[in-house]
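Before any comments, here is the structure.
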Amino acid sequence: MFKKASALLLAVMLTACASQGTKMDNETISKVEKGQTTEQQLIDILGEPTSTGFSSDGSKQLTYTYSSASSNPASFIPFVGFLFSGVDSETQVLYITLDKKGKVSDYTYSEQSTETKTGLL
């Protein structure tokens, strides 16, 4: 009985996660060089951007976004989850501006980690 309950709890905990996009790290971002890296090289390094846009000056913006969320394991414990449940989330955003020649002219990176408590305590 205990083995079945443990297996069920593990299965629930593993499915309580969600992510979108490709996670970025400092090594990957350091490959982006102003005046050097082209749009195709960005796609080779980071994959397809989450969104694209244009500015009135003719430059192109690429946005790469990664987000993930996972439930706190305490959320799945009967009675304890009512008090201590929550969600941990992480977001990464990389904004890249390409000049008219298709090379990186500027970029901005930000990341955020958040713990949201949904239990009573």
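If you're wondering about the labels, chains in the structure tokens are A, B, ... by order shown, residues count from 1 in each chain, ligands from 1 in order shown.
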
Do a neighbour search on region 102-107 of chain A at 7 Å with only C-alpha atoms, toss out local chain neighbours closer than 2 positions, and write the hits as a list in words. Glu33, Lys34, Gly35, Gln36, Thr37, Thr38, Glu39, Tyr95, Ile96, Thr97, Leu98, Asp99, Lys100 and Tyr109 of chain A

Output the selection as a PDB file, in the first residue's frame - N, CA, C and O atoms for each residue.
ATOM      1  N   GLU A  33      27.254  38.899 -29.527  1.00  0.00           N
ATOM      2  CA  GLU A  33      28.221  39.990 -29.583  1.00  0.00           C
ATOM      3  C   GLU A  33      27.673  41.141 -30.425  1.00  0.00           C
ATOM      4  O   GLU A  33      27.264  40.941 -31.572  1.00  0.00           O
ATOM      5  N   LYS A  34      27.710  42.333 -29.837  1.00  0.00           N
ATOM      6  CA  LYS A  34      27.266  43.533 -30.555  1.00  0.00           C
ATOM      7  C   LYS A  34      28.121  43.743 -31.794  1.00  0.00           C
ATOM      8  O   LYS A  34      29.339  43.606 -31.763  1.00  0.00           O
ATOM      9  N   GLY A  35      27.456  44.064 -32.912  1.00  0.00           N
ATOM     10  CA  GLY A  35      28.151  44.341 -34.166  1.00  0.00           C
ATOM     11  C   GLY A  35      28.683  43.118 -34.885  1.00  0.00           C
ATOM     12  O   GLY A  35      29.226  43.241 -35.984  1.00  0.00           O
ATOM     13  N   GLN A  36      28.551  41.936 -34.298  1.00  0.00           N
ATOM     14  CA  GLN A  36      29.111  40.726 -34.890  1.00  0.00           C
ATOM     15  C   GLN A  36      28.049  39.661 -35.189  1.00  0.00           C
ATOM     16  O   GLN A  36      28.011  39.129 -36.292  1.00  0.00           O
ATOM     17  N   THR A  37      27.235  39.355 -34.180  1.00  0.00           N
ATOM     18  CA  THR A  37      26.302  38.233 -34.295  1.00  0.00           C
ATOM     19  C   THR A  37      25.148  38.584 -35.227  1.00  0.00           C
ATOM     20  O   THR A  37      24.524  39.634 -35.088  1.00  0.00           O
ATOM     21  N   THR A  38      24.858  37.685 -36.168  1.00  0.00           N
ATOM     22  CA  THR A  38      23.759  37.890 -37.113  1.00  0.00           C
ATOM     23  C   THR A  38      22.489  37.207 -36.608  1.00  0.00           C
ATOM     24  O   THR A  38      22.522  36.412 -35.672  1.00  0.00           O
ATOM     25  N   GLU A  39      21.394  37.502 -37.264  1.00  0.00           N
ATOM     26  CA  GLU A  39      20.116  36.888 -36.893  1.00  0.00           C
ATOM     27  C   GLU A  39      20.177  35.369 -37.036  1.00  0.00           C
ATOM     28  O   GLU A  39      19.707  34.635 -36.167  1.00  0.00           O
ATOM     29  N   TYR A  95      16.030  40.528 -24.748  1.00  0.00           N
ATOM     30  CA  TYR A  95      15.600  41.414 -25.832  1.00  0.00           C
ATOM     31  C   TYR A  95      16.827  41.726 -26.683  1.00  0.00           C
ATOM     32  O   TYR A  95      17.847  42.183 -26.158  1.00  0.00           O
ATOM     33  N   ILE A  96      16.717  41.500 -27.985  1.00  0.00           N
ATOM     34  CA  ILE A  96      17.835  41.752 -28.891  1.00  0.00           C
ATOM     35  C   ILE A  96      17.375  42.691 -29.992  1.00  0.00           C
ATOM     36  O   ILE A  96      16.318  42.499 -30.592  1.00  0.00           O
ATOM     37  N   THR A  97      18.192  43.722 -30.262  1.00  0.00           N
ATOM     38  CA  THR A  97      17.911  44.647 -31.354  1.00  0.00           C
ATOM     39  C   THR A  97      18.919  44.397 -32.465  1.00  0.00           C
ATOM     40  O   THR A  97      20.134  44.354 -32.218  1.00  0.00           O
ATOM     41  N   LEU A  98      18.407  44.216 -33.676  1.00  0.00           N
ATOM     42  CA  LEU A  98      19.251  44.025 -34.863  1.00  0.00           C
ATOM     43  C   LEU A  98      19.246  45.306 -35.684  1.00  0.00           C
ATOM     44  O   LEU A  98      18.181  45.922 -35.882  1.00  0.00           O
ATOM     45  N   ASP A  99      20.411  45.712 -36.182  1.00  0.00           N
ATOM     46  CA  ASP A  99      20.469  46.897 -37.036  1.00  0.00           C
ATOM     47  C   ASP A  99      19.956  46.567 -38.442  1.00  0.00           C
ATOM     48  O   ASP A  99      19.557  45.425 -38.716  1.00  0.00           O
ATOM     49  N   LYS A 100      19.996  47.531 -39.326  1.00  0.00           N
ATOM     50  CA  LYS A 100      19.481  47.343 -40.683  1.00  0.00           C
ATOM     51  C   LYS A 100      20.275  46.289 -41.464  1.00  0.00           C
ATOM     52  O   LYS A 100      19.772  45.715 -42.419  1.00  0.00           O
ATOM     53  N   TYR A 109      19.156  41.592 -20.979  1.00  0.00           N
ATOM     54  CA  TYR A 109      18.765  40.316 -20.379  1.00  0.00           C
ATOM     55  C   TYR A 109      18.266  40.567 -18.963  1.00  0.00           C
ATOM     56  O   TYR A 109      18.836  41.357 -18.221  1.00  0.00           O
TER      57      TYR A 109
END

Near-Thr65 (chain A) list (6 Å; only C-alpha atoms; drop same-chain fewer than 3 positions) as a PyMOL selection string: chain A and resi 21+92-93

Give me, please, the distance in Å between CA of Thr108 (chain A) and CA of Gln61 (chain A), quoted to one decimal. 11.1 Å

Which of these, A:Lys101, A:Ser30, A:Gly86, A:Lys23, has the shortest distance to Ser59 (chain A) once you count only C-alpha atoms? A:Lys101

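Nearest to Glu111 (chain A) of all the residues A:Glu90, A:Cys17, A:Thr63, A:Leu42 is A:Glu90, counting only C-alpha atoms.
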
When you count only C-alpha atoms, which of these residues is closest to Ile29 (chain A): A:Val87, A:Ala69, A:Ile45, A:Leu62? A:Ile45

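Taking CA of Ser70 (chain A) and CA of Thr118 (chain A) as endpoints, the distance between them is 12.8 Å.
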